[in-house]
Amino acid sequence: MTAESFEDLGIGAEVLKAIRSIGWTEPTPVQTAAVPVGLTGSDLFAEAQTGTGKTGTYGSIILSKTQSGAQLPSALVLTPTRELALELDRLAKYTGHRTLPIYGGVSVENQVRDLKKGADIIVGTPGRLKDLLERKVLNLGAVGIVVLDEADRMLDMGFLPDVNMILSKVPKKRQTMMFSATMTDDVKKLAVKHMINHKELLISKDEPTLDLTAQFFVMADRDSKRDELVHL
């Protein structure tokens with residue numbers, strides 16, 4: 001499939017408005033391939049490199065398919081790191097969805113308090129999500145869409161038992177989407193275990209990351225690293 005614009009993908013009007021405000025001009029290959037499939041409600045597994053627009057892909061699907069203003073979350077995103085919630089917030093600028101990041105290294109009590117206020121989308125790391133489930137303060141009984149982002153990294157970091165435990169608390173009748181930079185045997189087993197008749201989308205491994213991304217390094221000795229970081 002080819003798509004020249006985000007309008008061609010079937011994304012909701014409020015999400016399209018946010019995409020324009022962010023400044024995205026045309027969909028990336030993973031967005032072109034996965035968004036129409038995800039909007040049909042099918043389970044899917046997309047192999048695509050980091051930086052190719054995966055967050056925009058599943059974010060557009062979730063925000064187009066779910067209502068905002070719920071007390072219990074209707075979507076769950078499992079991720080090995082904590083940086084994703086900000087981009088989902090930008091996409092939800094006009095939809096009214098509330099995204100709640102759940103991750104370790106910060107106060108559990110504050111996260112429990114935020115959960116009680118209600119959230120539409122939970123974006124969380126497996127360890128902290130498991131902790132909140134065991135404390136019985138996180139209810140995933142209304143989740144209809146689950147995303148496993150960077151699945152290969154989560155398995156490399158030893159999160160498989162936590163992922164399995166968390167998904168056992170989500171209704172079996174749901175849509176599951178998995179995104180991974182590699183398709184290892186372990187990742188395939190995870191997909192087969194938690195998906196039904198899923199679609200496999202293999203985005204080119206040679207696909208470059210977004211050209212808006214630039215990487216730099218700064219030479220610093222041991223004693224000046226902190227000062228350089230503060231300066232940046």
# chains A, B, ... in the order shown; residues from 1 in each chain; ligands from 1
$ select_by_dssp --residues "segment 5-232 of chain A" --states "alpha helix (DSSP H)" --output "number ranges by chain"
A: 13-22, 29-39, 54-65, 85-91, 108-116, 126-134, 151-156, 160-167, 185-194, 225-231
$ closest_atom_pairs --of "segment 81-174 of chain A" --to "segment 33-41 of chain A" --cutoff "12 Å" --atoms "only C-alpha atoms" --output "Markdown table"
| residue | atom | partner | partner_atom | distance |
| --- | --- | --- | --- | --- |
| A:Gly144 | CA | A:Gly41 | CA | 9.9 |
| A:Ile145 | CA | A:Gly41 | CA | 8.8 |
| A:Val146 | CA | A:Gly41 | CA | 11.3 |
| A:Val147 | CA | A:Gly38 | CA | 10.8 |
| A:Lys173 | CA | A:Gly41 | CA | 11.1 |
| A:Arg174 | CA | A:Gly41 | CA | 8.6 |
$ write_last_selection --atoms "all heavy atoms" --output "PDB file, in the first residue's frame"
ATOM      1  N   GLY A 144      -9.030  -2.663  25.832  1.00  0.00           N
ATOM      2  CA  GLY A 144      -9.412  -3.293  24.573  1.00  0.00           C
ATOM      3  C   GLY A 144      -8.307  -3.306  23.538  1.00  0.00           C
ATOM      4  O   GLY A 144      -8.406  -3.989  22.522  1.00  0.00           O
ATOM      5  N   ILE A 145      -7.246  -2.525  23.786  1.00  0.00           N
ATOM      6  CA  ILE A 145      -6.103  -2.474  22.864  1.00  0.00           C
ATOM      7  C   ILE A 145      -4.822  -2.574  23.685  1.00  0.00           C
ATOM      8  O   ILE A 145      -4.635  -1.824  24.653  1.00  0.00           O
ATOM      9  CB  ILE A 145      -6.074  -1.176  22.037  1.00  0.00           C
ATOM     10  CG1 ILE A 145      -7.349  -1.029  21.205  1.00  0.00           C
ATOM     11  CG2 ILE A 145      -4.849  -1.158  21.131  1.00  0.00           C
ATOM     12  CD1 ILE A 145      -7.411   0.269  20.405  1.00  0.00           C
ATOM     13  N   VAL A 146      -3.947  -3.501  23.304  1.00  0.00           N
ATOM     14  CA  VAL A 146      -2.640  -3.656  23.950  1.00  0.00           C
ATOM     15  C   VAL A 146      -1.552  -3.476  22.894  1.00  0.00           C
ATOM     16  O   VAL A 146      -1.649  -4.017  21.785  1.00  0.00           O
ATOM     17  CB  VAL A 146      -2.487  -5.042  24.604  1.00  0.00           C
ATOM     18  CG1 VAL A 146      -1.053  -5.257  25.082  1.00  0.00           C
ATOM     19  CG2 VAL A 146      -3.458  -5.190  25.759  1.00  0.00           C
ATOM     20  N   VAL A 147      -0.523  -2.710  23.243  1.00  0.00           N
ATOM     21  CA  VAL A 147       0.634  -2.531  22.376  1.00  0.00           C
ATOM     22  C   VAL A 147       1.881  -3.010  23.115  1.00  0.00           C
ATOM     23  O   VAL A 147       2.112  -2.623  24.269  1.00  0.00           O
ATOM     24  CB  VAL A 147       0.824  -1.054  21.973  1.00  0.00           C
ATOM     25  CG1 VAL A 147       2.115  -0.879  21.170  1.00  0.00           C
ATOM     26  CG2 VAL A 147      -0.373  -0.554  21.160  1.00  0.00           C
ATOM     27  N   LYS A 173     -10.491 -10.861  24.909  1.00  0.00           N
ATOM     28  CA  LYS A 173     -11.096 -10.236  23.742  1.00  0.00           C
ATOM     29  C   LYS A 173     -10.544  -8.821  23.622  1.00  0.00           C
ATOM     30  O   LYS A 173     -11.024  -7.882  24.266  1.00  0.00           O
ATOM     31  CB  LYS A 173     -12.624 -10.207  23.871  1.00  0.00           C
ATOM     32  CG  LYS A 173     -13.321  -9.720  22.613  1.00  0.00           C
ATOM     33  CD  LYS A 173     -14.829  -9.775  22.754  1.00  0.00           C
ATOM     34  CE  LYS A 173     -15.506  -9.293  21.465  1.00  0.00           C
ATOM     35  NZ  LYS A 173     -16.989  -9.333  21.596  1.00  0.00           N
ATOM     36  N   ARG A 174      -9.516  -8.679  22.824  1.00  0.00           N
ATOM     37  CA  ARG A 174      -8.828  -7.404  22.694  1.00  0.00           C
ATOM     38  C   ARG A 174      -8.080  -7.387  21.371  1.00  0.00           C
ATOM     39  O   ARG A 174      -7.956  -8.411  20.691  1.00  0.00           O
ATOM     40  CB  ARG A 174      -7.818  -7.227  23.835  1.00  0.00           C
ATOM     41  CG  ARG A 174      -6.690  -8.259  23.794  1.00  0.00           C
ATOM     42  CD  ARG A 174      -5.590  -7.975  24.796  1.00  0.00           C
ATOM     43  NE  ARG A 174      -4.446  -8.865  24.612  1.00  0.00           N
ATOM     44  CZ  ARG A 174      -4.205  -9.955  25.322  1.00  0.00           C
ATOM     45  NH1 ARG A 174      -5.032 -10.320  26.280  1.00  0.00           N
ATOM     46  NH2 ARG A 174      -3.136 -10.700  25.077  1.00  0.00           N
TER      47      ARG A 174
END
$ atom_distance --atom1 "atom CA of Gly127 of chain A" --atom2 "atom CA of Arg82 of chain A"
11.8 Å
$ closest_residue --among "A:Val112, A:Pro80, A:Lys117, A:Ala13" --to "Val163 of chain A" --atoms "only C-alpha atoms"
A:Pro80
$ closest_residue --among "A:Ala48, A:Met219, A:Ala119, A:Leu91" --to "Lys17 of chain A" --atoms "only C-alpha atoms"
A:Leu91
$ closest_residue --among "A:Gly51, A:Pro101, A:Gly56, A:Gly124" --to "Asp162 of chain A" --atoms "only C-alpha atoms"
A:Gly124
$ select_by_dssp --residues "segment 152-203 of chain A" --states "strand (DSSP E)" --output "ChimeraX atom specification"
/A:175-180,199-202
$ atom_distance --atom1 "atom CA of Glu47 of chain A" --atom2 "atom CA of Ile19 of chain A"
23.1 Å
$ atom_distance --atom1 "atom CA of Gln215 of chain A" --atom2 "atom CA of Ile122 of chain A"
29.2 Å
$ residues_around --residues "segment 148-161 of chain A" --least-positions-apart "4" --cutoff "12 Å" --atoms "only C-alpha atoms" --output "VMD selection string"
chain A and resid 43 to 51 53 to 59 75 to 84 123 to 130 165 to 168 175 to 191 193 to 195
